[in-house]
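Asks: I'm passing along data-v2.pdb; it holds PDB, N, CA and C atoms.
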ATOM      1  N   MET A   1       0.839  -1.180   0.000
ATOM      2  CA  MET A   1       0.000   0.000   0.000
ATOM      3  C   MET A   1       0.881   1.239   0.000
ATOM      4  N   SER A   2       0.576   2.167  -0.837
ATOM      5  CA  SER A   2       1.362   3.384  -0.971
ATOM      6  C   SER A   2       0.944   4.399   0.092
ATOM      7  N   THR A   3       1.920   5.073   0.668
ATOM      8  CA  THR A   3       1.619   6.114   1.658
ATOM      9  C   THR A   3       1.874   7.489   1.070
ATOM     10  N   GLY A   4       1.971   7.559  -0.253
ATOM     11  CA  GLY A   4       2.255   8.829  -0.928
ATOM     12  C   GLY A   4       1.051   9.747  -0.961
ATOM     13  N   ARG A   5       1.184  10.774  -1.729
ATOM     14  CA  ARG A   5       0.162  11.809  -1.861
ATOM     15  C   ARG A   5      -1.024  11.277  -2.659
ATOM     16  N   ILE A   6      -2.228  11.817  -2.355
ATOM     17  CA  ILE A   6      -3.441  11.429  -3.071
ATOM     18  C   ILE A   6      -3.374  12.060  -4.466
ATOM     19  N   PRO A   7      -3.751  11.309  -5.499
ATOM     20  CA  PRO A   7      -3.752  11.888  -6.853
ATOM     21  C   PRO A   7      -4.682  13.103  -6.934
ATOM     22  N   ASP A   8      -4.388  13.980  -7.891
ATOM     23  CA  ASP A   8      -5.123  15.245  -8.009
ATOM     24  C   ASP A   8      -6.618  15.054  -8.202
ATOM     25  N   HIS A   9      -7.025  14.110  -9.040
ATOM     26  CA  HIS A   9      -8.467  13.939  -9.276
ATOM     27  C   HIS A   9      -9.176  13.439  -8.010
ATOM     28  N   GLU A  10      -8.523  12.599  -7.231
ATOM     29  CA  GLU A  10      -9.122  12.146  -5.972
ATOM     30  C   GLU A  10      -9.151  13.290  -4.955
ATOM     31  N   GLN A  11      -8.131  14.130  -4.989
ATOM     32  CA  GLN A  11      -8.098  15.284  -4.089
ATOM     33  C   GLN A  11      -9.253  16.236  -4.404
ATOM     34  N   ARG A  12      -9.546  16.453  -5.697
ATOM     35  CA  ARG A  12     -10.662  17.308  -6.092
ATOM     36  C   ARG A  12     -11.992  16.698  -5.652
ATOM     37  N   ILE A  13     -12.139  15.385  -5.814
ATOM     38  CA  ILE A  13     -13.375  14.714  -5.394
ATOM     39  C   ILE A  13     -13.558  14.867  -3.888
ATOM     40  N   LEU A  14     -12.482  14.662  -3.137
ATOM     41  CA  LEU A  14     -12.538  14.800  -1.681
ATOM     42  C   LEU A  14     -12.897  16.236  -1.285
ATOM     43  N   ALA A  15     -12.331  17.224  -1.962
ATOM     44  CA  ALA A  15     -12.649  18.625  -1.670
ATOM     45  C   ALA A  15     -14.119  18.918  -1.974
ATOM     46  N   ASP A  16     -14.655  18.342  -3.045
ATOM     47  CA  ASP A  16     -16.076  18.533  -3.377
ATOM     48  C   ASP A  16     -16.978  17.923  -2.312
ATOM     49  N   ILE A  17     -16.612  16.739  -1.834
ATOM     50  CA  ILE A  17     -17.400  16.076  -0.791
ATOM     51  C   ILE A  17     -17.380  16.914   0.494
ATOM     52  N   GLU A  18     -16.190  17.409   0.875
ATOM     53  CA  GLU A  18     -16.079  18.227   2.084
ATOM     54  C   GLU A  18     -16.897  19.509   1.946
ATOM     55  N   ALA A  19     -16.857  20.133   0.765
ATOM     56  CA  ALA A  19     -17.619  21.364   0.558
ATOM     57  C   ALA A  19     -19.113  21.104   0.672
ATOM     58  N   ALA A  20     -19.583  19.987   0.120
ATOM     59  CA  ALA A  20     -21.004  19.651   0.214
ATOM     60  C   ALA A  20     -21.406  19.389   1.661
ATOM     61  N   LEU A  21     -20.545  18.709   2.402
ATOM     62  CA  LEU A  21     -20.850  18.449   3.810
ATOM     63  C   LEU A  21     -20.860  19.736   4.618
ATOM     64  N   ARG A  22     -19.933  20.649   4.328
ATOM     65  CA  ARG A  22     -19.881  21.915   5.053
ATOM     66  C   ARG A  22     -21.148  22.736   4.817
ATOM     67  N   ARG A  23     -21.628  22.728   3.587
ATOM     68  CA  ARG A  23     -22.847  23.483   3.285
ATOM     69  C   ARG A  23     -24.042  22.917   4.032
ATOM     70  N   GLY A  24     -24.061  21.624   4.252
ATOM     71  CA  GLY A  24     -25.223  20.989   4.858
ATOM     72  C   GLY A  24     -25.200  20.924   6.371
ATOM     73  N   ASN A  25     -24.035  21.057   6.988
ATOM     74  CA  ASN A  25     -23.969  20.834   8.419
ATOM     75  C   ASN A  25     -22.974  21.815   9.042
ATOM     76  N   ARG A  26     -23.463  22.806   9.772
ATOM     77  CA  ARG A  26     -22.591  23.805  10.390
ATOM     78  C   ARG A  26     -21.728  23.207  11.501
ATOM     79  N   ARG A  27     -22.301  22.284  12.254
ATOM     80  CA  ARG A  27     -21.552  21.678  13.344
ATOM     81  C   ARG A  27     -20.360  20.887  12.808
ATOM     82  N   LEU A  28     -20.583  20.163  11.723
ATOM     83  CA  LEU A  28     -19.491  19.428  11.098
ATOM     84  C   LEU A  28     -18.442  20.393  10.560
ATOM     85  N   ASP A  29     -18.873  21.502   9.988
ATOM     86  CA  ASP A  29     -17.934  22.490   9.466
ATOM     87  C   ASP A  29     -17.046  23.030  10.586
ATOM     88  N   ARG A  30     -17.644  23.334  11.736
ATOM     89  CA  ARG A  30     -16.869  23.823  12.876
ATOM     90  C   ARG A  30     -15.855  22.773  13.342
ATOM     91  N   ARG A  31     -16.261  21.518  13.393
ATOM     92  CA  ARG A  31     -15.345  20.463  13.816
ATOM     93  C   ARG A  31     -14.217  20.263  12.818
ATOM     94  N   LEU A  32     -14.528  20.348  11.531
ATOM     95  CA  LEU A  32     -13.482  20.211  10.524
ATOM     96  C   LEU A  32     -12.472  21.347  10.615
ATOM     97  N   ARG A  33     -12.954  22.561  10.898
ATOM     98  CA  ARG A  33     -12.030  23.686  11.035
ATOM     99  C   ARG A  33     -11.140  23.535  12.252
ATOM    100  N   THR A  34     -11.672  23.005  13.346
ATOM    101  CA  THR A  34     -10.872  22.883  14.553
ATOM    102  C   THR A  34      -9.903  21.710  14.472
ATOM    103  N   LEU A  35     -10.151  20.759  13.585
ATOM    104  CA  LEU A  35      -9.255  19.608  13.457
ATOM    105  C   LEU A  35      -8.080  19.868  12.526
ATOM    106  N   ARG A  36      -8.101  20.996  11.832
ATOM    107  CA  ARG A  36      -6.996  21.302  10.924
ATOM    108  C   ARG A  36      -5.718  21.492  11.723
ATOM    109  N   VAL A  37      -4.633  21.036  11.145
ATOM    110  CA  VAL A  37      -3.333  21.159  11.804
ATOM    111  C   VAL A  37      -2.845  22.593  11.635
ATOM    112  N   ARG A  38      -2.541  23.207  12.748
ATOM    113  CA  ARG A  38      -2.018  24.566  12.716
ATOM    114  C   ARG A  38      -0.574  24.533  13.180
ATOM    115  N   ARG A  39       0.238  25.287  12.500
ATOM    116  CA  ARG A  39       1.664  25.285  12.820
ATOM    117  C   ARG A  39       2.009  26.278  13.924
ATOM    118  N   GLY A  40       1.157  27.221  14.167
ATOM    119  CA  GLY A  40       1.421  28.224  15.186
ATOM    120  C   GLY A  40       0.224  29.149  15.310
ATOM    121  N   PRO A  41       0.351  30.160  16.143
ATOM    122  CA  PRO A  41      -0.772  31.083  16.297
ATOM    123  C   PRO A  41      -1.003  31.868  15.012
ATOM    124  N   ASP A  42      -2.245  32.175  14.756
ATOM    125  CA  ASP A  42      -2.620  32.935  13.573
ATOM    126  C   ASP A  42      -2.441  34.418  13.882
ATOM    127  N   LEU A  43      -1.278  34.950  13.536
ATOM    128  CA  LEU A  43      -0.959  36.336  13.876
ATOM    129  C   LEU A  43      -1.793  37.324  13.078
ATOM    130  N   ALA A  44      -2.204  36.949  11.888
ATOM    131  CA  ALA A  44      -3.043  37.845  11.091
ATOM    132  C   ALA A  44      -4.398  38.050  11.772
ATOM    133  N   ARG A  45      -4.936  36.980  12.318
ATOM    134  CA  ARG A  45      -6.217  37.079  13.021
ATOM    135  C   ARG A  45      -6.073  37.912  14.298
ATOM    136  N   LEU A  46      -4.953  37.734  14.995
ATOM    137  CA  LEU A  46      -4.701  38.487  16.209
ATOM    138  C   LEU A  46      -4.518  39.974  15.900
ATOM    139  N   ALA A  47      -3.841  40.284  14.796
ATOM    140  CA  ALA A  47      -3.616  41.678  14.417
ATOM    141  C   ALA A  47      -4.903  42.340  13.949
ATOM    142  N   ALA A  48      -5.848  41.566  13.436
ATOM    143  CA  ALA A  48      -7.114  42.120  12.951
ATOM    144  C   ALA A  48      -8.153  42.241  14.057
ATOM    145  N   TYR A  49      -7.816  41.843  15.270
ATOM    146  CA  TYR A  49      -8.761  41.864  16.385
ATOM    147  C   TYR A  49      -9.181  43.294  16.682
ATOM    148  N   GLU A  50     -10.481  43.530  16.729
ATOM    149  CA  GLU A  50     -11.032  44.838  17.063
ATOM    150  C   GLU A  50     -11.950  44.692  18.270
ATOM    151  N   PRO A  51     -11.430  44.978  19.454
ATOM    152  CA  PRO A  51     -12.248  44.784  20.662
ATOM    153  C   PRO A  51     -13.338  45.836  20.792
ATOM    154  N   ARG A  52     -14.373  45.480  21.510
ATOM    155  CA  ARG A  52     -15.448  46.418  21.818
ATOM    156  C   ARG A  52     -15.110  47.136  23.113
ATOM    157  N   VAL A  53     -15.589  48.338  23.227
ATOM    158  CA  VAL A  53     -15.277  49.167  24.394
ATOM    159  C   VAL A  53     -15.785  48.504  25.676
ATOM    160  N   THR A  54     -16.978  47.938  25.633
ATOM    161  CA  THR A  54     -17.533  47.321  26.840
ATOM    162  C   THR A  54     -16.716  46.105  27.271
ATOM    163  N   VAL A  55     -16.232  45.338  26.314
ATOM    164  CA  VAL A  55     -15.429  44.158  26.653
ATOM    165  C   VAL A  55     -14.118  44.585  27.309
ATOM    166  N   VAL A  56     -13.484  45.607  26.755
ATOM    167  CA  VAL A  56     -12.231  46.095  27.335
ATOM    168  C   VAL A  56     -12.479  46.689  28.717
ATOM    169  N   ALA A  57     -13.586  47.371  28.884
ATOM    170  CA  ALA A  57     -13.916  47.943  30.196
ATOM    171  C   ALA A  57     -14.110  46.841  31.233
ATOM    172  N   VAL A  58     -14.768  45.765  30.840
ATOM    173  CA  VAL A  58     -14.957  44.640  31.762
ATOM    174  C   VAL A  58     -13.610  44.017  32.119
ATOM    175  N   TRP A  59     -12.751  43.812  31.104
ATOM    176  CA  TRP A  59     -11.418  43.244  31.377
ATOM    177  C   TRP A  59     -10.634  44.127  32.341
ATOM    178  N   LEU A  60     -10.705  45.446  32.143
ATOM    179  CA  LEU A  60      -9.990  46.362  33.036
ATOM    180  C   LEU A  60     -10.558  46.318  34.451
ATOM    181  N   CYS A  61     -11.876  46.254  34.572
ATOM    182  CA  CYS A  61     -12.495  46.160  35.909
ATOM    183  C   CYS A  61     -12.084  44.874  36.617
ATOM    184  N   VAL A  62     -12.078  43.776  35.877
ATOM    185  CA  VAL A  62     -11.659  42.497  36.469
ATOM    186  C   VAL A  62     -10.198  42.572  36.886
ATOM    187  N   ALA A  63      -9.353  43.177  36.038
ATOM    188  CA  ALA A  63      -7.931  43.287  36.356
ATOM    189  C   ALA A  63      -7.708  44.138  37.595
ATOM    190  N   VAL A  64      -8.402  45.259  37.684
ATOM    191  CA  VAL A  64      -8.242  46.128  38.852
ATOM    192  C   VAL A  64      -8.758  45.434  40.112
ATOM    193  N   ALA A  65      -9.885  44.752  39.998
ATOM    194  CA  ALA A  65     -10.416  44.020  41.158
ATOM    195  C   ALA A  65      -9.439  42.938  41.613
ATOM    196  N   LEU A  66      -8.850  42.214  40.664
ATOM    197  CA  LEU A  66      -7.870  41.193  41.033
ATOM    198  C   LEU A  66      -6.617  41.812  41.636
ATOM    199  N   MET A  67      -6.207  42.974  41.126
ATOM    200  CA  MET A  67      -5.031  43.640  41.669
ATOM    201  C   MET A  67      -5.270  44.060  43.115
ATOM    202  N   VAL A  68      -6.427  44.676  43.371
ATOM    203  CA  VAL A  68      -6.735  45.120  44.731
ATOM    204  C   VAL A  68      -6.867  43.916  45.664
ATOM    205  N   THR A  69      -7.531  42.864  45.190
ATOM    206  CA  THR A  69      -7.680  41.657  46.008
ATOM    207  C   THR A  69      -6.327  41.013  46.270
ATOM    208  N   GLY A  70      -5.478  40.992  45.263
ATOM    209  CA  GLY A  70      -4.148  40.417  45.445
ATOM    210  C   GLY A  70      -3.302  41.206  46.414
ATOM    211  N   ILE A  71      -3.412  42.525  46.367
ATOM    212  CA  ILE A  71      -2.655  43.360  47.302
ATOM    213  C   ILE A  71      -3.161  43.165  48.726
ATOM    214  N   CYS A  72      -4.478  43.099  48.888
ATOM    215  CA  CYS A  72      -5.053  42.966  50.235
ATOM    216  C   CYS A  72      -4.816  41.586  50.845
ATOM    217  N   THR A  73      -4.961  40.531  50.034
ATOM    218  CA  THR A  73      -4.876  39.181  50.593
ATOM    219  C   THR A  73      -3.505  38.558  50.447
ATOM    220  N   GLY A  74      -2.812  38.850  49.353
ATOM    221  CA  GLY A  74      -1.509  38.241  49.115
ATOM    222  C   GLY A  74      -1.597  36.781  48.693
ATOM    223  N   GLU A  75      -2.777  36.335  48.287
ATOM    224  CA  GLU A  75      -2.972  34.947  47.863
ATOM    225  C   GLU A  75      -2.358  34.722  46.477
ATOM    226  N   PRO A  76      -1.510  33.703  46.343
ATOM    227  CA  PRO A  76      -0.869  33.438  45.041
ATOM    228  C   PRO A  76      -1.847  33.179  43.892
ATOM    229  N   PRO A  77      -2.965  32.432  44.083
ATOM    230  CA  PRO A  77      -3.863  32.243  42.940
ATOM    231  C   PRO A  77      -4.455  33.553  42.417
ATOM    232  N   VAL A  78      -4.733  34.483  43.317
ATOM    233  CA  VAL A  78      -5.285  35.775  42.897
ATOM    234  C   VAL A  78      -4.228  36.570  42.140
ATOM    235  N   ILE A  79      -3.001  36.522  42.618
ATOM    236  CA  ILE A  79      -1.910  37.234  41.950
ATOM    237  C   ILE A  79      -1.663  36.636  40.568
ATOM    238  N   TRP A  80      -1.707  35.312  40.450
ATOM    239  CA  TRP A  80      -1.531  34.659  39.146
ATOM    240  C   TRP A  80      -2.692  34.977  38.208
ATOM    241  N   ALA A  81      -3.887  35.048  38.753
ATOM    242  CA  ALA A  81      -5.038  35.409  37.917
ATOM    243  C   ALA A  81      -4.870  36.836  37.388
ATOM    244  N   PHE A  82      -4.394  37.732  38.241
ATOM    245  CA  PHE A  82      -4.124  39.096  37.795
ATOM    246  C   PHE A  82      -3.043  39.099  36.711
ATOM    247  N   ALA A  83      -2.011  38.274  36.895
ATOM    248  CA  ALA A  83      -0.927  38.202  35.912
ATOM    249  C   ALA A  83      -1.417  37.702  34.560
ATOM    250  N   VAL A  84      -2.483  36.923  34.544
ATOM    251  CA  VAL A  84      -3.044  36.434  33.286
ATOM    252  C   VAL A  84      -3.979  37.475  32.671
ATOM    253  N   VAL A  85      -4.786  38.124  33.493
ATOM    254  CA  VAL A  85      -5.815  39.045  32.992
ATOM    255  C   VAL A  85      -5.228  40.387  32.567
ATOM    256  N   TRP A  86      -4.230  40.881  33.264
ATOM    257  CA  TRP A  86      -3.697  42.211  33.002
ATOM    258  C   TRP A  86      -3.154  42.377  31.573
ATOM    259  N   PRO A  87      -2.316  41.462  31.044
ATOM    260  CA  PRO A  87      -1.845  41.644  29.659
ATOM    261  C   PRO A  87      -2.977  41.616  28.631
ATOM    262  N   VAL A  88      -3.993  40.808  28.875
ATOM    263  CA  VAL A  88      -5.133  40.756  27.959
ATOM    264  C   VAL A  88      -5.857  42.103  27.962
ATOM    265  N   ALA A  89      -6.043  42.669  29.136
ATOM    266  CA  ALA A  89      -6.703  43.965  29.240
ATOM    267  C   ALA A  89      -5.869  45.056  28.565
ATOM    268  N   LEU A  90      -4.566  45.032  28.775
ATOM    269  CA  LEU A  90      -3.703  46.032  28.138
ATOM    270  C   LEU A  90      -3.714  45.893  26.622
ATOM    271  N   PHE A  91      -3.703  44.671  26.134
ATOM    272  CA  PHE A  91      -3.761  44.452  24.690
ATOM    273  C   PHE A  91      -5.050  45.025  24.121
ATOM    274  N   GLY A  92      -6.154  44.812  24.809
ATOM    275  CA  GLY A  92      -7.426  45.371  24.354
ATOM    276  C   GLY A  92      -7.409  46.889  24.351
ATOM    277  N   VAL A  93      -6.822  47.492  25.374
ATOM    278  CA  VAL A  93      -6.737  48.956  25.431
ATOM    279  C   VAL A  93      -5.886  49.476  24.286
ATOM    280  N   PHE A  94      -4.748  48.845  24.046
ATOM    281  CA  PHE A  94      -3.882  49.290  22.957
ATOM    282  C   PHE A  94      -4.551  49.131  21.600
ATOM    283  N   ARG A  95      -5.303  48.050  21.400
ATOM    284  CA  ARG A  95      -6.015  47.873  20.133
ATOM    285  C   ARG A  95      -7.093  48.941  19.984
ATOM    286  N   LEU A  96      -7.782  49.280  21.074
ATOM    287  CA  LEU A  96      -8.769  50.353  21.008
ATOM    288  C   LEU A  96      -8.123  51.689  20.665
ATOM    289  N   LEU A  97      -6.980  51.980  21.296
ATOM    290  CA  LEU A  97      -6.285  53.216  21.000
ATOM    291  C   LEU A  97      -5.809  53.269  19.563
ATOM    292  N   CYS A  98      -5.312  52.155  19.056
ATOM    293  CA  CYS A  98      -4.870  52.110  17.658
ATOM    294  C   CYS A  98      -6.039  52.323  16.712
ATOM    295  N   ARG A  99      -7.177  51.735  17.044
ATOM    296  CA  ARG A  99      -8.354  51.876  16.185
ATOM    297  C   ARG A  99      -8.870  53.314  16.212
ATOM    298  N   CYS A 100      -8.844  53.944  17.383
ATOM    299  CA  CYS A 100      -9.349  55.322  17.495
ATOM    300  C   CYS A 100      -8.406  56.330  16.854
ATOM    301  N   SER A 101      -7.104  56.105  16.947
ATOM    302  CA  SER A 101      -6.145  57.078  16.414
ATOM    303  C   SER A 101      -5.764  56.801  14.967
ATOM    304  N   GLY A 102      -6.126  55.627  14.444
ATOM    305  CA  GLY A 102      -5.774  55.269  13.076
ATOM    306  C   GLY A 102      -6.626  55.978  12.057
ATOM    307  N   PRO A 103      -6.247  55.810  10.769
ATOM    308  CA  PRO A 103      -7.000  56.478   9.695
ATOM    309  C   PRO A 103      -8.380  55.926   9.504
TER     310      PRO A 103
END
Written as structure tokens, how would this file's structure read?

Replies:
Amino acid sequence: MSTGRIPDHEQRILADIEAALRRGNRRLDRRLRTLRVRRGPDLARLAAYEPRVTVVAVWLCVAVALMVTGICTGEPPVIWAFAVVWPVALFGVFRLLCRCSGP
């Protein structure tokens, strides 16, 4: 049995079958997209991210609440949670600023 590449005509048939299945079933389409092999993070998608003001405001409120709680209690899980939330909130703020100041 050959482990080589699928011939072009079989590849086209397979692509047609997948396209027909995607049109008929959204859940299957989502699963097929998530099963694709990715080599790394999709930086183009990350660069195109446009956060909403309310989402960024919520992230900032959560970050500030975690910071105050971490300072008052000194609990490591709270400090680690702040360490995770704070960069996400800052990234959202910077994306908002870029969107507002851009052309």

Asks: Under the rule that only N, CA and C atoms are counted, which of A:Val78, A:Leu90, A:Ala15, A:Ala83 is the nearest residue to Leu60 (chain A)?

Replies: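 Residue with the minimum atom-to-atom distance to Leu60 (chain A): A:Leu90.
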
Asks: Can you tell me, as a VMD selection string, which residues in chain A count as alpha helix (DSSP H) by DSSP?

Replies: chain A and resid 8 to 24 26 to 35 43 to 47 53 to 73 76 to 101

Asks: In Å, how far is it from atom N of Val64 (chain A) to atom N of Phe82 (chain A)?

Replies: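 One can read the atom N of Val64 (chain A) to atom N of Phe82 (chain A) distance as 8.5 Å.
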
Asks: Could you tell me how far atom N of Ser101 (chain A) lies from atom C of Val88 (chain A), in Å and to one decimal?

Replies: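 Between atom N of Ser101 (chain A) and atom C of Val88 (chain A) the gap works out to 17.9 Å.
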
Asks: In Å to one decimal, how far is atom C of Trp86 (chain A) from CA of Val55 (chain A)?

Replies: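 Atom-to-atom, CA of Val55 (chain A) and atom C of Trp86 (chain A) are spaced 13.3 Å apart.
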
Asks: Starting from the displayed file, determine the output of the PyMOL selection byres (((chain A and resi 79 and name CA) around 12) and name CA) and express the residue list as a list of chain:residue names.

Replies: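 Selection result, ordered by chain and number: A:Ala63, A:Val64, A:Ala65, A:Leu66, A:Met67, A:Val68, A:Thr69, A:Gly70, A:Ile71, A:Cys72, A:Thr73, A:Gly74, A:Glu75, A:Pro76, A:Pro77, A:Val78, A:Trp80, A:Ala81, A:Phe82, A:Ala83, A:Val84, A:Val85, A:Trp86.
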
Asks: Find the axis-aligned box for region 43-56 of chain A, covering all its listed atoms and adding 4 Å on each side, and write its centre and edge lengths in Å to one decimal as lines of an AutoDock Vina configuration file.

Replies:
center_x = -9.2
center_y = 42.1
center_z = 19.9
size_x = 24.6
size_y = 22.2
size_z = 25.6

Asks: Tell me, as a PyMOL selection string, which residues lie within 12 Å of Val93 (chain A), counting only C-alpha atoms; anything in the same chain fewer than 6 positions away does not count.

Replies: chain A and resi 49-60+86-87+99-100
